[in-house]
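**Q** Dropping in model-v3.cif, which is mmCIF, N, CA and C atoms:
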```
data_entry
#
loop_
_atom_site.label_atom_id
_atom_site.label_comp_id
_atom_site.auth_asym_id
_atom_site.auth_seq_id
_atom_site.Cartn_x
_atom_site.Cartn_y
_atom_site.Cartn_z
N MET F 1 14.98 109.80 282.77
CA MET F 1 15.10 111.17 283.24
C MET F 1 16.41 111.37 284.00
N ASP F 2 17.50 110.82 283.49
CA ASP F 2 18.78 110.99 284.15
C ASP F 2 19.53 112.21 283.64
N SER F 3 18.88 113.08 282.94
CA SER F 3 19.52 114.25 282.39
C SER F 3 19.76 115.30 283.49
N TRP F 4 20.94 115.90 283.46
CA TRP F 4 21.27 116.96 284.41
C TRP F 4 20.71 118.30 283.98
N ILE F 5 20.10 118.36 282.80
CA ILE F 5 19.54 119.62 282.31
C ILE F 5 18.44 120.11 283.25
N LEU F 6 17.60 119.21 283.74
CA LEU F 6 16.56 119.63 284.68
C LEU F 6 17.15 120.15 285.98
N ALA F 7 18.24 119.56 286.45
CA ALA F 7 18.88 120.05 287.67
C ALA F 7 19.39 121.46 287.47
N VAL F 8 20.00 121.73 286.33
CA VAL F 8 20.49 123.08 286.04
C VAL F 8 19.31 124.05 285.94
N LEU F 9 18.22 123.63 285.34
CA LEU F 9 17.04 124.49 285.25
C LEU F 9 16.44 124.77 286.62
N PHE F 10 16.44 123.78 287.51
CA PHE F 10 15.91 123.99 288.86
C PHE F 10 16.76 124.98 289.63
N VAL F 11 18.08 124.85 289.52
CA VAL F 11 18.96 125.81 290.19
C VAL F 11 18.79 127.19 289.57
N GLY F 12 18.64 127.25 288.26
CA GLY F 12 18.38 128.52 287.59
C GLY F 12 17.06 129.13 288.02
N PHE F 13 16.07 128.29 288.33
CA PHE F 13 14.79 128.78 288.82
C PHE F 13 14.95 129.43 290.20
N GLY F 14 15.83 128.88 291.02
CA GLY F 14 16.03 129.41 292.37
C GLY F 14 16.90 130.66 292.42
N LEU F 15 17.74 130.87 291.42
CA LEU F 15 18.68 131.99 291.45
C LEU F 15 18.03 133.38 291.49
N PRO F 16 16.89 133.62 290.84
CA PRO F 16 16.30 134.96 290.96
C PRO F 16 15.91 135.35 292.38
N PHE F 17 15.80 134.39 293.27
CA PHE F 17 15.46 134.71 294.65
C PHE F 17 16.65 135.28 295.43
N VAL F 18 17.86 135.09 294.91
CA VAL F 18 19.06 135.57 295.60
C VAL F 18 19.22 137.06 295.30
N ARG F 19 19.24 137.86 296.32
CA ARG F 19 19.45 139.29 296.17
C ARG F 19 20.92 139.61 296.36
N VAL F 20 21.40 140.58 295.60
CA VAL F 20 22.79 140.96 295.71
C VAL F 20 22.95 142.15 296.65
N GLN F 21 21.84 142.68 297.16
CA GLN F 21 21.89 143.83 298.05
C GLN F 21 22.49 143.42 299.39
N LYS F 22 23.22 144.35 299.97
CA LYS F 22 23.84 144.06 301.26
C LYS F 22 22.74 143.89 302.31
N GLY F 23 22.85 142.85 303.11
CA GLY F 23 21.88 142.59 304.16
C GLY F 23 20.72 141.72 303.73
N ARG F 24 20.59 141.45 302.46
CA ARG F 24 19.49 140.63 301.96
C ARG F 24 19.95 139.33 301.32
N ARG F 25 21.25 139.09 301.30
CA ARG F 25 21.78 137.89 300.65
C ARG F 25 21.34 136.63 301.37
N LEU F 26 21.35 136.65 302.68
CA LEU F 26 21.01 135.47 303.46
C LEU F 26 19.55 135.06 303.26
N LEU F 27 18.67 136.05 303.29
CA LEU F 27 17.25 135.75 303.05
C LEU F 27 17.02 135.28 301.62
N GLY F 28 17.77 135.83 300.68
CA GLY F 28 17.67 135.37 299.29
C GLY F 28 18.12 133.93 299.13
N LEU F 29 19.20 133.55 299.82
CA LEU F 29 19.65 132.16 299.77
C LEU F 29 18.64 131.22 300.40
N ILE F 30 18.00 131.67 301.48
CA ILE F 30 16.96 130.86 302.12
C ILE F 30 15.80 130.63 301.15
N LYS F 31 15.38 131.69 300.49
CA LYS F 31 14.28 131.56 299.52
C LYS F 31 14.68 130.68 298.34
N ALA F 32 15.90 130.87 297.83
CA ALA F 32 16.35 130.10 296.67
C ALA F 32 16.47 128.62 297.00
N SER F 33 17.06 128.29 298.15
CA SER F 33 17.22 126.88 298.49
C SER F 33 15.87 126.23 298.79
N THR F 34 14.95 126.99 299.39
CA THR F 34 13.61 126.46 299.64
C THR F 34 12.86 126.21 298.34
N ALA F 35 12.91 127.18 297.43
CA ALA F 35 12.20 127.02 296.15
C ALA F 35 12.79 125.88 295.32
N THR F 36 14.11 125.83 295.22
CA THR F 36 14.76 124.78 294.44
C THR F 36 14.55 123.41 295.07
N GLY F 37 14.68 123.32 296.38
CA GLY F 37 14.48 122.04 297.07
C GLY F 37 13.05 121.54 296.96
N THR F 38 12.10 122.45 297.08
CA THR F 38 10.69 122.06 296.97
C THR F 38 10.39 121.55 295.57
N LEU F 39 10.84 122.27 294.57
CA LEU F 39 10.61 121.86 293.18
C LEU F 39 11.28 120.52 292.89
N CYS F 40 12.49 120.33 293.39
CA CYS F 40 13.21 119.08 293.20
C CYS F 40 12.50 117.93 293.90
N TYR F 41 12.03 118.15 295.12
CA TYR F 41 11.33 117.09 295.85
C TYR F 41 10.03 116.71 295.14
N LEU F 42 9.31 117.70 294.64
CA LEU F 42 8.06 117.40 293.94
C LEU F 42 8.30 116.58 292.68
N LEU F 43 9.37 116.90 291.95
CA LEU F 43 9.67 116.11 290.76
C LEU F 43 10.05 114.68 291.14
N GLY F 44 10.90 114.53 292.15
CA GLY F 44 11.29 113.18 292.59
C GLY F 44 10.11 112.40 293.14
N TRP F 45 9.24 113.07 293.89
CA TRP F 45 8.05 112.41 294.43
C TRP F 45 7.14 111.95 293.30
N SER F 46 7.01 112.77 292.26
CA SER F 46 6.16 112.37 291.13
C SER F 46 6.78 111.17 290.41
N GLN F 47 8.11 111.09 290.36
CA GLN F 47 8.75 109.92 289.74
C GLN F 47 8.50 108.67 290.56
N VAL F 48 8.42 108.80 291.88
CA VAL F 48 8.12 107.64 292.73
C VAL F 48 6.65 107.28 292.62
N PHE F 49 5.78 108.28 292.72
CA PHE F 49 4.34 108.04 292.76
C PHE F 49 3.81 107.50 291.43
N PHE F 50 4.32 108.02 290.33
CA PHE F 50 3.81 107.62 289.02
C PHE F 50 4.66 106.53 288.36
N ALA F 51 5.52 105.88 289.11
CA ALA F 51 6.30 104.76 288.57
C ALA F 51 5.47 103.49 288.73
N PHE F 52 4.88 103.06 287.66
CA PHE F 52 4.07 101.85 287.70
C PHE F 52 4.94 100.66 287.37
N PRO F 53 5.13 99.75 288.33
CA PRO F 53 6.03 98.62 288.11
C PRO F 53 5.65 97.77 286.90
N SER F 54 4.38 97.70 286.58
CA SER F 54 3.97 96.87 285.45
C SER F 54 4.51 97.42 284.12
N HIS F 55 4.70 98.74 284.03
CA HIS F 55 5.22 99.34 282.80
C HIS F 55 6.73 99.57 282.88
N ALA F 56 7.21 99.99 284.05
CA ALA F 56 8.62 100.36 284.19
C ALA F 56 9.53 99.16 284.41
N CYS F 57 8.98 98.06 284.88
CA CYS F 57 9.80 96.88 285.22
C CYS F 57 9.29 95.65 284.47
N PRO F 58 9.53 95.59 283.17
CA PRO F 58 9.00 94.44 282.42
C PRO F 58 9.84 93.18 282.62
N ASP F 59 9.23 92.05 282.34
CA ASP F 59 9.97 90.78 282.29
C ASP F 59 10.77 90.76 280.99
N PHE F 60 11.93 90.11 281.01
CA PHE F 60 12.76 89.99 279.81
C PHE F 60 12.55 88.60 279.22
N PHE F 61 11.60 88.50 278.33
CA PHE F 61 11.29 87.22 277.71
C PHE F 61 12.28 86.87 276.59
N ASP F 62 13.03 87.86 276.12
CA ASP F 62 13.95 87.62 275.01
C ASP F 62 15.31 87.09 275.48
N ARG F 63 15.54 87.00 276.76
CA ARG F 63 16.82 86.51 277.28
C ARG F 63 16.72 85.03 277.61
N ARG F 64 17.86 84.38 277.53
CA ARG F 64 17.95 82.99 277.94
C ARG F 64 19.00 82.88 279.01
N PRO F 65 18.77 82.44 280.17
CA PRO F 65 17.48 81.98 280.69
C PRO F 65 16.54 83.16 280.91
N LEU F 66 15.29 82.87 281.00
CA LEU F 66 14.24 83.86 281.15
C LEU F 66 14.45 84.68 282.42
N VAL F 67 14.39 86.01 282.30
CA VAL F 67 14.56 86.92 283.44
C VAL F 67 13.21 87.50 283.79
N GLN F 68 12.76 87.28 285.02
CA GLN F 68 11.45 87.75 285.44
C GLN F 68 11.59 88.81 286.53
N PHE F 69 10.60 89.68 286.55
CA PHE F 69 10.53 90.73 287.57
C PHE F 69 10.38 90.10 288.95
N ASP F 70 11.20 90.53 289.91
CA ASP F 70 11.20 89.95 291.24
C ASP F 70 10.44 90.81 292.24
N ARG F 71 10.88 92.08 292.40
CA ARG F 71 10.21 92.95 293.38
C ARG F 71 10.43 94.41 293.03
N TYR F 72 9.63 95.24 293.68
CA TYR F 72 9.68 96.69 293.49
C TYR F 72 9.70 97.34 294.86
N GLU F 73 10.65 98.25 295.07
CA GLU F 73 10.73 98.97 296.34
C GLU F 73 10.69 100.47 296.06
N SER F 74 9.98 101.20 296.92
CA SER F 74 9.93 102.65 296.76
C SER F 74 9.87 103.30 298.13
N GLY F 75 10.24 104.56 298.17
CA GLY F 75 10.20 105.33 299.40
C GLY F 75 10.26 106.81 299.10
N THR F 76 9.83 107.61 300.07
CA THR F 76 9.77 109.04 299.84
C THR F 76 10.91 109.82 300.49
N PHE F 77 11.64 109.21 301.43
CA PHE F 77 12.80 109.92 301.97
C PHE F 77 13.86 108.92 302.37
N PRO F 78 14.96 108.81 301.69
CA PRO F 78 15.27 109.47 300.43
C PRO F 78 14.39 108.93 299.30
N LEU F 79 14.23 109.74 298.30
CA LEU F 79 13.37 109.36 297.18
C LEU F 79 14.01 108.21 296.40
N HIS F 80 13.30 107.11 296.31
CA HIS F 80 13.79 105.99 295.51
C HIS F 80 12.62 105.13 295.05
N ALA F 81 12.79 104.59 293.87
CA ALA F 81 11.87 103.61 293.29
C ALA F 81 12.75 102.68 292.46
N THR F 82 12.87 101.45 292.92
CA THR F 82 13.82 100.52 292.31
C THR F 82 13.13 99.23 291.92
N CYS F 83 13.42 98.76 290.71
CA CYS F 83 12.95 97.47 290.22
C CYS F 83 14.08 96.45 290.37
N TYR F 84 13.73 95.25 290.81
CA TYR F 84 14.70 94.17 290.96
C TYR F 84 14.21 92.97 290.15
N TRP F 85 15.15 92.33 289.44
CA TRP F 85 14.84 91.12 288.69
C TRP F 85 15.52 89.94 289.36
N ASP F 86 15.07 88.75 289.01
CA ASP F 86 15.57 87.55 289.68
C ASP F 86 17.02 87.19 289.31
N ASN F 87 17.60 87.84 288.32
CA ASN F 87 19.00 87.58 287.98
C ASN F 87 19.95 88.56 288.65
N GLY F 88 19.42 89.44 289.52
CA GLY F 88 20.26 90.39 290.25
C GLY F 88 20.32 91.78 289.66
N GLU F 89 19.76 91.97 288.49
CA GLU F 89 19.74 93.31 287.90
C GLU F 89 18.79 94.21 288.67
N GLN F 90 19.07 95.51 288.62
CA GLN F 90 18.18 96.48 289.24
C GLN F 90 18.16 97.76 288.41
N LYS F 91 17.07 98.50 288.53
CA LYS F 91 16.90 99.74 287.78
C LYS F 91 16.28 100.77 288.70
N GLU F 92 16.95 101.90 288.84
CA GLU F 92 16.44 103.00 289.66
C GLU F 92 15.60 103.91 288.76
N LEU F 93 14.37 104.18 289.18
CA LEU F 93 13.45 104.97 288.37
C LEU F 93 13.49 106.46 288.69
N VAL F 94 14.06 106.84 289.82
CA VAL F 94 14.20 108.26 290.18
C VAL F 94 15.53 108.75 289.62
N SER F 95 15.53 109.94 289.05
CA SER F 95 16.74 110.50 288.46
C SER F 95 17.87 110.56 289.48
N GLY F 96 19.07 110.34 289.03
CA GLY F 96 20.22 110.27 289.91
C GLY F 96 20.60 111.59 290.55
N TRP F 97 20.17 112.71 290.01
CA TRP F 97 20.54 114.01 290.56
C TRP F 97 19.55 114.53 291.59
N VAL F 98 18.39 113.90 291.74
CA VAL F 98 17.34 114.42 292.62
C VAL F 98 17.78 114.44 294.08
N ASN F 99 18.23 113.33 294.60
CA ASN F 99 18.62 113.26 296.02
C ASN F 99 19.85 114.11 296.34
N PRO F 100 20.92 114.14 295.50
CA PRO F 100 22.04 115.04 295.82
C PRO F 100 21.64 116.52 295.81
N LEU F 101 20.82 116.93 294.85
CA LEU F 101 20.39 118.32 294.80
C LEU F 101 19.49 118.64 295.99
N LEU F 102 18.64 117.72 296.36
CA LEU F 102 17.78 117.91 297.52
C LEU F 102 18.60 118.01 298.80
N SER F 103 19.62 117.18 298.94
CA SER F 103 20.50 117.26 300.11
C SER F 103 21.28 118.56 300.15
N THR F 104 21.73 119.02 298.99
CA THR F 104 22.46 120.29 298.92
C THR F 104 21.56 121.45 299.32
N CYS F 105 20.34 121.46 298.81
CA CYS F 105 19.40 122.53 299.17
C CYS F 105 19.08 122.51 300.66
N THR F 106 18.94 121.33 301.23
CA THR F 106 18.68 121.22 302.67
C THR F 106 19.87 121.72 303.48
N ALA F 107 21.09 121.37 303.05
CA ALA F 107 22.29 121.82 303.76
C ALA F 107 22.44 123.34 303.69
N VAL F 108 22.18 123.92 302.51
CA VAL F 108 22.26 125.37 302.37
C VAL F 108 21.20 126.05 303.24
N LEU F 109 19.99 125.51 303.26
CA LEU F 109 18.92 126.08 304.07
C LEU F 109 19.28 126.02 305.55
N ILE F 110 19.76 124.88 306.03
CA ILE F 110 20.13 124.76 307.44
C ILE F 110 21.29 125.69 307.78
N GLY F 111 22.28 125.77 306.90
CA GLY F 111 23.40 126.68 307.13
C GLY F 111 22.96 128.13 307.21
N CYS F 112 22.06 128.52 306.33
CA CYS F 112 21.55 129.90 306.35
C CYS F 112 20.74 130.18 307.61
N LEU F 113 19.91 129.24 308.02
CA LEU F 113 19.11 129.43 309.23
C LEU F 113 19.98 129.51 310.47
N VAL F 114 21.02 128.69 310.54
CA VAL F 114 21.95 128.75 311.68
C VAL F 114 22.68 130.09 311.68
N THR F 115 23.14 130.53 310.52
CA THR F 115 23.82 131.82 310.42
C THR F 115 22.89 132.96 310.82
N LEU F 116 21.65 132.89 310.39
CA LEU F 116 20.66 133.91 310.75
C LEU F 116 20.42 133.93 312.26
N ALA F 117 20.36 132.76 312.88
CA ALA F 117 20.17 132.69 314.33
C ALA F 117 21.38 133.25 315.08
N VAL F 118 22.59 132.95 314.60
CA VAL F 118 23.81 133.48 315.23
C VAL F 118 23.86 134.99 315.11
N LEU F 119 23.52 135.51 313.95
CA LEU F 119 23.51 136.97 313.76
C LEU F 119 22.47 137.64 314.65
N ALA F 120 21.31 137.04 314.78
CA ALA F 120 20.28 137.60 315.65
C ALA F 120 20.73 137.58 317.11
N TYR F 121 21.41 136.51 317.51
CA TYR F 121 21.92 136.42 318.88
C TYR F 121 22.98 137.49 319.14
N ARG F 122 23.87 137.70 318.18
CA ARG F 122 24.91 138.72 318.34
C ARG F 122 24.30 140.12 318.43
N ARG F 123 23.29 140.37 317.63
CA ARG F 123 22.62 141.67 317.68
C ARG F 123 21.95 141.90 319.03
N SER F 124 21.33 140.86 319.55
CA SER F 124 20.68 141.01 320.84
C SER F 124 21.71 141.21 321.96
N GLN F 125 22.86 140.59 321.86
CA GLN F 125 23.92 140.78 322.85
C GLN F 125 24.49 142.19 322.77
N GLU F 126 24.61 142.73 321.56
CA GLU F 126 25.10 144.09 321.40
C GLU F 126 24.12 145.11 321.98
N GLU F 127 22.82 144.85 321.82
CA GLU F 127 21.82 145.76 322.36
C GLU F 127 21.81 145.73 323.88
N ARG F 128 22.08 144.59 324.48
CA ARG F 128 22.10 144.48 325.93
C ARG F 128 23.30 145.20 326.54
N THR F 129 24.40 145.22 325.82
CA THR F 129 25.61 145.87 326.36
C THR F 129 25.55 147.38 326.25
N ARG F 130 24.65 147.92 325.51
CA ARG F 130 24.55 149.38 325.35
C ARG F 130 23.88 150.01 326.51
#
```
Please lay out the structure from this file as structure tokens.
**A**
Amino acid sequence: MDSWILAVLFVGFGLPFVRVQKGRRLLGLIKASTATGTLCYLLGWSQVFFAFPSHACPDFFDRRPLVQFDRYESGTFPLHATCYWDNGEQKELVSGWVNPLLSTCTAVLIGCLVTLAVLAYRRSQEERTR
């Protein structure tokens, strides 16, 4: 599942939440980044949760010398599920675009929330000066 097509589809899924109306762009970006990030995290989490080491990390009996499965590591933040073999090879089972897209959505969400807080603070200061 290393295809970037799903990443493009996820971003396309979030785009309808962005409004082009004046005054609503920030809330639209918040909704889009939340929807895209949530969908991306759920897909990555399912790749971690449903990665069965017995099927995804086979022993290589056809190689000489024999390469056997050594260990399996997984985690939910950042999302990773990795197989390690005794010859030093490793295989990541979570798509390579999941964590960068998730980080981007988180950064956009935090940026929008900070901007929203600054705008609210400026509005309250303007009301006090009147």
**Q** Taking all listed atoms of stretch 116-125 of chain F, build the axis-aligned box, pad each of the six sides by 4 Å, then write its centre and edge lengths in Å to one decimal as AutoDock Vina command-line options.
**A**
```
--center_x 22.5 --center_y 137.4 --center_z 316.6 --size_x 12.7 --size_y 17.5 --size_z 20.5
```
**Q** Tell me, in Å to one decimal, how far atom C of F:Pro65 is from atom N of F:Cys83.
**A**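 A separation of 18.7 Å between them.
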**Q** Need to verify the contact set: F:Trp45, 8 Å, only N, CA and C atoms, exclusion of same-chain residues closer than 3 positions in sequence. Can you return it as number ranges by chain?
**A** F: 39-42, 48-51, 75-76, 79-80, 94
**Q** With N, CA and C atoms retained, export the selected residues as a compact mmCIF listing (two decimals), keeping the file's coordinate frame.
**A**
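Everything below was put into result29.txt:
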```txt
# COMPACT_ATOMS: atom_id res chain seq x y z
N LEU F 39 10.84 122.27 294.57
CA LEU F 39 10.61 121.86 293.18
C LEU F 39 11.28 120.52 292.89
N CYS F 40 12.49 120.33 293.39
CA CYS F 40 13.21 119.08 293.20
C CYS F 40 12.50 117.93 293.90
N TYR F 41 12.03 118.15 295.12
CA TYR F 41 11.33 117.09 295.85
C TYR F 41 10.03 116.71 295.14
N LEU F 42 9.31 117.70 294.64
CA LEU F 42 8.06 117.40 293.94
C LEU F 42 8.30 116.58 292.68
N VAL F 48 8.42 108.80 291.88
CA VAL F 48 8.12 107.64 292.73
C VAL F 48 6.65 107.28 292.62
N PHE F 49 5.78 108.28 292.72
CA PHE F 49 4.34 108.04 292.76
C PHE F 49 3.81 107.50 291.43
N PHE F 50 4.32 108.02 290.33
CA PHE F 50 3.81 107.62 289.02
C PHE F 50 4.66 106.53 288.36
N ALA F 51 5.52 105.88 289.11
CA ALA F 51 6.30 104.76 288.57
C ALA F 51 5.47 103.49 288.73
N GLY F 75 10.24 104.56 298.17
CA GLY F 75 10.20 105.33 299.40
C GLY F 75 10.26 106.81 299.10
N THR F 76 9.83 107.61 300.07
CA THR F 76 9.77 109.04 299.84
C THR F 76 10.91 109.82 300.49
N LEU F 79 14.23 109.74 298.30
CA LEU F 79 13.37 109.36 297.18
C LEU F 79 14.01 108.21 296.40
N HIS F 80 13.30 107.11 296.31
CA HIS F 80 13.79 105.99 295.51
C HIS F 80 12.62 105.13 295.05
N VAL F 94 14.06 106.84 289.82
CA VAL F 94 14.20 108.26 290.18
C VAL F 94 15.53 108.75 289.62
```
**Q** Name the residues of chain F that fall into strand (DSSP E) according to DSSP on the backbone, using the chain letters and numbers of this document, as a ChimeraX atom specification.
**A** /F:69-76,79-85,90-92
**Q** For the structure shown, which residues end up in the PyMOL selection byres (((chain F and resi 86 and name CA) around 6) and name CA)? Put them as a list in words, please?
**A**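 Going through the file, the PyMOL selection byres (((chain F and resi 86 and name CA) around 6) and name CA) ends up selecting Gln68, Asp70, Trp85, Asn87 and Gly88 of chain F.
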**Q** Please measure the separation of atom N of F:Phe69 and atom N of F:Cys57, giving the value in Å to one decimal.
**A** 8.7 Å
**Q** Using atom N of F:Val11 and atom N of F:Ala81 as the two end points, give the distance in Å to one decimal.
**A**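 Atom N of F:Val11 sits 21.4 Å away from atom N of F:Ala81.
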**Q** Name the residues that the PyMOL selection byres ((chain F and resi 30) around 8) pulls out of this structure, and write them as a PyMOL selection string.
**A** chain F and resi 17-18+24-29+31-36+108-110+112-113
**Q** Please extract the residues of chain F with a backbone DSSP assignment of alpha helix (DSSP H) and present them as a PyMOL selection string.
**A** chain F and resi 5-14+25-49+53-56+98-129
**Q** Of the candidates F:Ala56, F:Val98, F:Ile5, F:Val118, which one gets nearest to F:Gly44 if we count only N, CA and C atoms?
**A**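 Smallest distance to F:Gly44 is found for F:Val98.
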**Q** Could stretch 92-111 of chain F be completed with N, CA, C and O atoms and returned as a PDB file, in the coordinates of the input?
**A**
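For reference, result-v3.pdb as written:
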```pdb
ATOM      1  N   GLU F  92      16.950 101.900 288.840  1.00  0.00           N
ATOM      2  CA  GLU F  92      16.440 103.000 289.660  1.00  0.00           C
ATOM      3  C   GLU F  92      15.600 103.910 288.760  1.00  0.00           C
ATOM      4  O   GLU F  92      16.047 104.334 287.702  1.00  0.00           O
ATOM      5  N   LEU F  93      14.370 104.180 289.180  1.00  0.00           N
ATOM      6  CA  LEU F  93      13.450 104.970 288.370  1.00  0.00           C
ATOM      7  C   LEU F  93      13.490 106.460 288.690  1.00  0.00           C
ATOM      8  O   LEU F  93      12.992 107.268 287.914  1.00  0.00           O
ATOM      9  N   VAL F  94      14.060 106.840 289.820  1.00  0.00           N
ATOM     10  CA  VAL F  94      14.200 108.260 290.180  1.00  0.00           C
ATOM     11  C   VAL F  94      15.530 108.750 289.620  1.00  0.00           C
ATOM     12  O   VAL F  94      16.548 108.067 289.717  1.00  0.00           O
ATOM     13  N   SER F  95      15.530 109.940 289.050  1.00  0.00           N
ATOM     14  CA  SER F  95      16.740 110.500 288.460  1.00  0.00           C
ATOM     15  C   SER F  95      17.870 110.560 289.480  1.00  0.00           C
ATOM     16  O   SER F  95      17.639 110.832 290.660  1.00  0.00           O
ATOM     17  N   GLY F  96      19.070 110.340 289.030  1.00  0.00           N
ATOM     18  CA  GLY F  96      20.220 110.270 289.910  1.00  0.00           C
ATOM     19  C   GLY F  96      20.600 111.590 290.550  1.00  0.00           C
ATOM     20  O   GLY F  96      21.302 111.615 291.558  1.00  0.00           O
ATOM     21  N   TRP F  97      20.170 112.710 290.010  1.00  0.00           N
ATOM     22  CA  TRP F  97      20.540 114.010 290.560  1.00  0.00           C
ATOM     23  C   TRP F  97      19.550 114.530 291.590  1.00  0.00           C
ATOM     24  O   TRP F  97      19.821 115.518 292.276  1.00  0.00           O
ATOM     25  N   VAL F  98      18.390 113.900 291.740  1.00  0.00           N
ATOM     26  CA  VAL F  98      17.340 114.420 292.620  1.00  0.00           C
ATOM     27  C   VAL F  98      17.780 114.440 294.080  1.00  0.00           C
ATOM     28  O   VAL F  98      17.713 115.472 294.752  1.00  0.00           O
ATOM     29  N   ASN F  99      18.230 113.330 294.600  1.00  0.00           N
ATOM     30  CA  ASN F  99      18.620 113.260 296.020  1.00  0.00           C
ATOM     31  C   ASN F  99      19.850 114.110 296.340  1.00  0.00           C
ATOM     32  O   ASN F  99      19.854 114.791 297.370  1.00  0.00           O
ATOM     33  N   PRO F 100      20.920 114.140 295.500  1.00  0.00           N
ATOM     34  CA  PRO F 100      22.040 115.040 295.820  1.00  0.00           C
ATOM     35  C   PRO F 100      21.640 116.520 295.810  1.00  0.00           C
ATOM     36  O   PRO F 100      22.068 117.277 296.681  1.00  0.00           O
ATOM     37  N   LEU F 101      20.820 116.930 294.850  1.00  0.00           N
ATOM     38  CA  LEU F 101      20.390 118.320 294.800  1.00  0.00           C
ATOM     39  C   LEU F 101      19.490 118.640 295.990  1.00  0.00           C
ATOM     40  O   LEU F 101      19.604 119.712 296.596  1.00  0.00           O
ATOM     41  N   LEU F 102      18.640 117.720 296.360  1.00  0.00           N
ATOM     42  CA  LEU F 102      17.780 117.910 297.520  1.00  0.00           C
ATOM     43  C   LEU F 102      18.600 118.010 298.800  1.00  0.00           C
ATOM     44  O   LEU F 102      18.337 118.868 299.653  1.00  0.00           O
ATOM     45  N   SER F 103      19.620 117.180 298.940  1.00  0.00           N
ATOM     46  CA  SER F 103      20.500 117.260 300.110  1.00  0.00           C
ATOM     47  C   SER F 103      21.280 118.560 300.150  1.00  0.00           C
ATOM     48  O   SER F 103      21.455 119.166 301.213  1.00  0.00           O
ATOM     49  N   THR F 104      21.730 119.020 298.990  1.00  0.00           N
ATOM     50  CA  THR F 104      22.460 120.290 298.920  1.00  0.00           C
ATOM     51  C   THR F 104      21.560 121.450 299.320  1.00  0.00           C
ATOM     52  O   THR F 104      21.970 122.328 300.086  1.00  0.00           O
ATOM     53  N   CYS F 105      20.340 121.460 298.810  1.00  0.00           N
ATOM     54  CA  CYS F 105      19.400 122.530 299.170  1.00  0.00           C
ATOM     55  C   CYS F 105      19.080 122.510 300.660  1.00  0.00           C
ATOM     56  O   CYS F 105      18.992 123.568 301.295  1.00  0.00           O
ATOM     57  N   THR F 106      18.940 121.330 301.230  1.00  0.00           N
ATOM     58  CA  THR F 106      18.680 121.220 302.670  1.00  0.00           C
ATOM     59  C   THR F 106      19.870 121.720 303.480  1.00  0.00           C
ATOM     60  O   THR F 106      19.697 122.445 304.467  1.00  0.00           O
ATOM     61  N   ALA F 107      21.090 121.370 303.050  1.00  0.00           N
ATOM     62  CA  ALA F 107      22.290 121.820 303.760  1.00  0.00           C
ATOM     63  C   ALA F 107      22.440 123.340 303.690  1.00  0.00           C
ATOM     64  O   ALA F 107      22.771 123.993 304.688  1.00  0.00           O
ATOM     65  N   VAL F 108      22.180 123.920 302.510  1.00  0.00           N
ATOM     66  CA  VAL F 108      22.260 125.370 302.370  1.00  0.00           C
ATOM     67  C   VAL F 108      21.200 126.050 303.240  1.00  0.00           C
ATOM     68  O   VAL F 108      21.490 127.043 303.924  1.00  0.00           O
ATOM     69  N   LEU F 109      19.990 125.510 303.260  1.00  0.00           N
ATOM     70  CA  LEU F 109      18.920 126.080 304.070  1.00  0.00           C
ATOM     71  C   LEU F 109      19.280 126.020 305.550  1.00  0.00           C
ATOM     72  O   LEU F 109      19.131 127.018 306.275  1.00  0.00           O
ATOM     73  N   ILE F 110      19.760 124.880 306.030  1.00  0.00           N
ATOM     74  CA  ILE F 110      20.130 124.760 307.440  1.00  0.00           C
ATOM     75  C   ILE F 110      21.290 125.690 307.780  1.00  0.00           C
ATOM     76  O   ILE F 110      21.276 126.357 308.821  1.00  0.00           O
ATOM     77  N   GLY F 111      22.280 125.770 306.900  1.00  0.00           N
ATOM     78  CA  GLY F 111      23.400 126.680 307.130  1.00  0.00           C
ATOM     79  C   GLY F 111      22.960 128.130 307.210  1.00  0.00           C
ATOM     80  O   GLY F 111      23.423 128.885 308.080  1.00  0.00           O
TER      81      GLY F 111
END
```
